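*Asks:* Please read through the structure below; I'll follow up with questions.
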Amino acid sequence: MKNKPEPKTLRLPLLLVVVLAWILFPINPGNASVAQVQTDYLSATAGASSEATITVGQTISGIEPSTVTNITLEWDPNLEDSVTGYLLYYGNASGKYLSPIDVGLNTNHTIPDLSTKQQWFFAVKAYDAEGNQSDYSSEVIKDQIVTSQTGSTASTAMSFTHDPLALNQNFGEESDPSPSDAPYSERLQVPSGAGKIVAGTGPWPKDGGWIKTLTNDYFHDHWSRMEWPYYNDLRGESRVARGDIDGDGKDEIIIGMGSVENDMIVPYGHFQVLDDNYQHLFWGMVSWGSYNEGNGETWPACGDLDGDGKDEILIGLGKGGMGMIEVFSVSDNQLKHHSWITSTWPEYNQAMGEVRPASGDLDGDGKDDVIVGFGPVADNPEMPGGTYEILSGNGEHMAWGKVGWSDYNQLNGESRPVIGDLNGDGVNEIIIGLGSGSNGAFEIQNFNDEGKLTNQAWLEIPWWQEYNELSGETRPAVGNLDDDDADELVIALGQGGGGWIHLFDDKESGYNHYISLQLWPEEYNLNNGASWVTIKK
């Protein structure tokens, strides 16, 4: 076995040294700092009257020389008498930082073990003895580190293309699942045991209710449709989830439904369950009549809450649902009520009550836990404020989580969590999709042994800035698409999303974005374009 190399400090070449010049006026809440940025290729003047410089250096460490890096930042002291310390911020997306590092009056700091496969963004604030802070300085950007040394651990299994692929034949129109002229189908070599993407549409009156399944190599496989023509004509939104509810190792599909205003019949708390071969199994219904009459929408998820090897079905309720999730199980070939689980946030439950559940084992006890995402509350930026809750399978509170982006939390703050093992270590991460105003971003967080949640990464939808700026809503799904030890990410878009979904590889590749797929007929893509996705075993 090779000995682990001793860390060696490397001075970056001029091209990779980033210099930041910034100014702090005397600090008070109404008087923020003004900043300027200087690099060897960029100079933006802000009229600073005093300067400090931040220089970024790196130390490569780890078994492989290209896996992690220690980043050292240095800056000249500010000479204002009121300054009593500095806060150093960093993150892997612009403006989306982790909790700051208080370095006191030190003017240098080393951040260890940052991934070399991601960009890193740094900024500084100064503070005084009363806790007043300056604005952020301008950002320093540290690019991905490129090394000529061999032995990189980055996965190449999924990095075959970035080209978009349109699969938008008409609803119900069958097509060859593996066209002979496919530009890269022969290069995929996806194992037969890999999961399949299943997608449902957003609202599409008159022709809704469609579910599309893709082959293992991401071409069209077949269509399914909800067996409720009246609902399909009025709304037809198909919120898909998957789970092995009968313990046979194959996933069934659960389809939740959106609300229909001024209609006492649909959806009335209903959801549909399809067998692993997409044949109808059950109709389910929330057992709360007054909720069904007032809203009746259903948010589905699945998880093995009791550790018996079979998944339960979790149905989150929408607005007016008092933060409640009804749990169903299957026994004796019947769908039965199992239990109720409720958010422990009474103020939110009274004000809105919409919950979007997800499930997975976070504490390693062999039983799945429940992650509760919350919807936006009009005219109340403090609620939900990016908050989500983690409950045990029997409904006991475990932890509170929060989206690590304060500006988004104040603007919208809704959360759409899913769970998956993105690095193959047997421990699940939480991936949080965001609502409108998120600029196409989504966050990955870790749940540690102490029950604390920390940021692992920020990612964004690529190449479509117009959608990101107008809506930016992200709807994640997690599952194993290449039959290895780690899960991949599929990100669907909301209304205005053009029918696109985006696939991201696991952590080993640095969450490489490797393909974009356009799923639906052109008319739907132009007029709605929303998708819900899951990954079926």
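Residue names in the structure tokens use chain letters A, B, ... in the order shown, residue numbers from 1 in each chain, and ligand numbers from 1 in the order shown.
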Identify, on the basis of only C-alpha atoms, every residue whose closest approach to A:Gly307 does not exceed 9 Å; exclude the query and any residue fewer than 6 positions from it along the same chain; express the result as a PyMOL selection string.

*Replies:* chain A and resi 365-368

*Asks:* With only C-alpha atoms as the counted atoms, please give the residues lying no more than 7 Å from A:His222, apart from itself and same-chain residues fewer than 4 positions off, as a list in words.

*Replies:*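 Within the cut-off, the hits are Glu174, Lys212 and Thr213 of chain A.
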
*Asks:* With N, CA and C atoms retained, export the selected residues as an mmCIF file, in the first residue's frame.

*Replies:*
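The file below, out_25.cif, is the result:
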```cif
data_model
loop_
_atom_site.group_PDB
_atom_site.id
_atom_site.type_symbol
_atom_site.label_atom_id
_atom_site.label_comp_id
_atom_site.auth_asym_id
_atom_site.auth_seq_id
_atom_site.Cartn_x
_atom_site.Cartn_y
_atom_site.Cartn_z
ATOM 1 N N GLU A 174 -46.286 5.576 -29.309
ATOM 2 C CA GLU A 174 -45.136 4.718 -29.064
ATOM 3 C C GLU A 174 -44.022 5.007 -30.074
ATOM 4 N N LYS A 212 -44.542 8.882 -18.138
ATOM 5 C CA LYS A 212 -43.598 8.406 -19.151
ATOM 6 C C LYS A 212 -42.459 7.647 -18.472
ATOM 7 N N THR A 213 -42.129 6.486 -18.986
ATOM 8 C CA THR A 213 -40.989 5.704 -18.496
ATOM 9 C C THR A 213 -39.915 5.672 -19.577
#
```

*Asks:* So how many Å separate atom CA of A:Gly401 and atom CA of A:Tyr467, to one decimal?

*Replies:*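 Here the two named atoms are 27.1 Å from each other.
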
*Asks:* Using only C-alpha atoms, which protein or nucleic acid residues come within 8 Å of A:Lys310? Drop anything in the same chain fewer than 6 positions from it, and give the result as an MDAnalysis selection string.

*Replies:* chainID A and resid 244:247 304

*Asks:* Near A:Lys125, within 10 Å and counting only C-alpha atoms, which residues show up once chain neighbours fewer than 5 positions away are dropped, as a ChimeraX atom specification?

*Replies:* /A:24,32-33,85-89,100,102,133-138

*Asks:* Go ahead and save the residues from that selection, with all heavy atoms, as a tab-separated table (two decimals), in the first residue's frame.

*Replies:*
```tsv
chain	number	residue	atom	x	y	z
A	24	LEU	N	-13.46	48.89	3.96
A	24	LEU	CA	-14.46	48.95	5.02
A	24	LEU	C	-14.52	50.37	5.54
A	24	LEU	O	-13.53	50.89	6.05
A	24	LEU	CB	-14.10	48.00	6.17
A	24	LEU	CG	-14.25	46.51	5.90
A	24	LEU	CD1	-13.71	45.75	7.09
A	24	LEU	CD2	-15.68	46.17	5.64
A	32	ALA	N	-22.37	50.26	4.65
A	32	ALA	CA	-21.72	49.02	4.27
A	32	ALA	C	-20.45	49.30	3.51
A	32	ALA	O	-20.21	50.40	3.05
A	32	ALA	CB	-22.67	48.18	3.40
A	33	SER	N	-19.65	48.26	3.38
A	33	SER	CA	-18.38	48.42	2.68
A	33	SER	C	-18.59	48.49	1.18
A	33	SER	O	-19.56	47.98	0.64
A	33	SER	CB	-17.45	47.26	3.02
A	33	SER	OG	-17.98	46.06	2.52
A	85	GLY	N	-12.63	42.06	14.27
A	85	GLY	CA	-12.45	40.73	13.72
A	85	GLY	C	-13.00	40.62	12.32
A	85	GLY	O	-13.60	41.56	11.78
A	86	TYR	N	-12.80	39.42	11.75
A	86	TYR	CA	-13.22	39.14	10.39
A	86	TYR	C	-13.99	37.81	10.35
A	86	TYR	O	-13.68	36.87	11.08
A	86	TYR	CB	-12.01	39.04	9.45
A	86	TYR	CG	-11.13	40.26	9.46
A	86	TYR	CD1	-9.98	40.29	10.26
A	86	TYR	CD2	-11.44	41.37	8.69
A	86	TYR	CE1	-9.16	41.40	10.28
A	86	TYR	CE2	-10.62	42.49	8.70
A	86	TYR	CZ	-9.49	42.50	9.50
A	86	TYR	OH	-8.68	43.61	9.52
A	87	LEU	N	-14.99	37.77	9.47
A	87	LEU	CA	-15.73	36.54	9.18
A	87	LEU	C	-15.38	36.10	7.76
A	87	LEU	O	-15.54	36.88	6.81
A	87	LEU	CB	-17.24	36.76	9.29
A	87	LEU	CG	-17.77	37.17	10.66
A	87	LEU	CD1	-19.26	37.48	10.58
A	87	LEU	CD2	-17.52	36.07	11.69
A	88	LEU	N	-14.92	34.88	7.63
A	88	LEU	CA	-14.54	34.34	6.33
A	88	LEU	C	-15.64	33.39	5.85
A	88	LEU	O	-15.98	32.43	6.53
A	88	LEU	CB	-13.21	33.59	6.45
A	88	LEU	CG	-12.72	32.84	5.21
A	88	LEU	CD1	-12.55	33.78	4.03
A	88	LEU	CD2	-11.41	32.11	5.52
A	89	TYR	N	-16.20	33.69	4.67
A	89	TYR	CA	-17.28	32.89	4.09
A	89	TYR	C	-16.75	32.12	2.88
A	89	TYR	O	-15.91	32.63	2.13
A	89	TYR	CB	-18.43	33.79	3.63
A	89	TYR	CG	-19.20	34.46	4.74
A	89	TYR	CD1	-18.71	35.61	5.35
A	89	TYR	CD2	-20.42	33.95	5.15
A	89	TYR	CE1	-19.43	36.23	6.37
A	89	TYR	CE2	-21.15	34.56	6.16
A	89	TYR	CZ	-20.65	35.70	6.77
A	89	TYR	OH	-21.37	36.30	7.78
A	100	PRO	N	-20.10	31.12	8.44
A	100	PRO	CA	-18.79	31.77	8.36
A	100	PRO	C	-17.82	31.25	9.42
A	100	PRO	O	-18.21	30.72	10.46
A	100	PRO	CB	-19.12	33.24	8.60
A	100	PRO	CG	-20.36	33.21	9.44
A	100	PRO	CD	-21.15	32.04	8.94
A	102	ASP	N	-15.18	32.50	12.04
A	102	ASP	CA	-14.73	33.69	12.76
A	102	ASP	C	-13.24	33.52	13.04
A	102	ASP	O	-12.83	32.70	13.85
A	102	ASP	CB	-15.51	33.83	14.07
A	102	ASP	CG	-15.23	35.15	14.78
A	102	ASP	OD1	-14.20	35.79	14.49
A	102	ASP	OD2	-16.05	35.55	15.62
A	133	GLN	N	-21.87	44.35	11.31
A	133	GLN	CA	-21.07	43.74	10.27
A	133	GLN	C	-21.12	44.59	9.00
A	133	GLN	O	-22.11	45.25	8.71
A	133	GLN	CB	-21.58	42.33	9.94
A	133	GLN	CG	-21.49	41.36	11.09
A	133	GLN	CD	-22.03	39.99	10.71
A	133	GLN	OE1	-22.29	39.72	9.54
A	133	GLN	NE2	-22.19	39.13	11.71
A	134	SER	N	-20.04	44.52	8.25
A	134	SER	CA	-20.03	45.14	6.93
A	134	SER	C	-20.78	44.24	5.95
A	134	SER	O	-21.15	43.11	6.27
A	134	SER	CB	-18.59	45.32	6.46
A	134	SER	OG	-18.01	44.06	6.17
A	135	ASP	N	-21.00	44.75	4.74
A	135	ASP	CA	-21.48	43.90	3.67
A	135	ASP	C	-20.37	42.91	3.27
A	135	ASP	O	-19.22	43.05	3.68
A	135	ASP	CB	-21.87	44.73	2.44
A	135	ASP	CG	-23.22	45.40	2.61
A	135	ASP	OD1	-23.95	45.01	3.54
A	135	ASP	OD2	-23.52	46.31	1.82
A	136	TYR	N	-20.76	41.94	2.44
A	136	TYR	CA	-19.75	41.04	1.89
A	136	TYR	C	-18.76	41.83	1.04
A	136	TYR	O	-19.13	42.80	0.35
A	136	TYR	CB	-20.39	39.99	0.99
A	136	TYR	CG	-21.23	38.95	1.70
A	136	TYR	CD1	-22.60	38.89	1.49
A	136	TYR	CD2	-20.64	38.02	2.55
A	136	TYR	CE1	-23.38	37.92	2.12
A	136	TYR	CE2	-21.40	37.06	3.18
A	136	TYR	CZ	-22.77	37.01	2.97
A	136	TYR	OH	-23.54	36.07	3.59
A	137	SER	N	-17.53	41.42	1.08
A	137	SER	CA	-16.59	41.88	0.06
A	137	SER	C	-16.99	41.25	-1.26
A	137	SER	O	-17.85	40.37	-1.33
A	137	SER	CB	-15.18	41.45	0.44
A	137	SER	OG	-15.08	40.03	0.39
A	138	SER	N	-16.37	41.69	-2.35
A	138	SER	CA	-16.55	40.98	-3.61
A	138	SER	C	-15.94	39.58	-3.51
A	138	SER	O	-15.05	39.33	-2.70
A	138	SER	CB	-15.88	41.75	-4.75
A	138	SER	OG	-16.52	42.99	-4.93
```

*Asks:* With only C-alpha atoms as the basis for distance, which of A:Leu493, A:Val260, A:Val533, A:Met398 is at the shortest distance from A:Ala301?

*Replies:*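 Smallest separation from A:Ala301 among the options: A:Val533.
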
*Asks:* With only C-alpha atoms as the atoms that count, which of A:Asn446, A:Ser238, A:Ser359, A:Ser438 lies nearest to A:Asp311?

*Replies:*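 Among the listed residues, A:Ser359 lies closest to A:Asp311.
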
*Asks:* Excluding A:Lys319 and any residue of its chain fewer than 5 positions from it, enumerate the residues within 6 Å of it, using only C-alpha atoms, and give them as a ChimeraX atom specification.

*Replies:* /A:352-354

*Asks:* Name the residues of stretch 286-412 of chain A that come out as strand (DSSP E) in a backbone DSSP run; write them as a ChimeraX atom specification.

*Replies:* /A:298-303,312-317,324-331,334-342,355-360,369-374,387-391,397-402

*Asks:* Counting only C-alpha atoms, figure out which residue out of A:Tyr97, A:Phe122, A:Tyr278, A:Trp500 gets nearest to A:Glu74.

*Replies:*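 Once distances to A:Glu74 are computed over only C-alpha atoms, the minimum belongs to A:Phe122.
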
*Asks:* Nearest to A:Trp288 among A:Asp306, A:Asp217, A:Asp251, A:Glu326, with distances taken over only C-alpha atoms: which residue is it?

*Replies:* A:Glu326

*Asks:* Find the residue from A:Leu470, A:Ala358, A:Ile315, A:Val124 that sits nearest to A:Trp340; use only C-alpha atoms when measuring.

*Replies:* A:Ile315
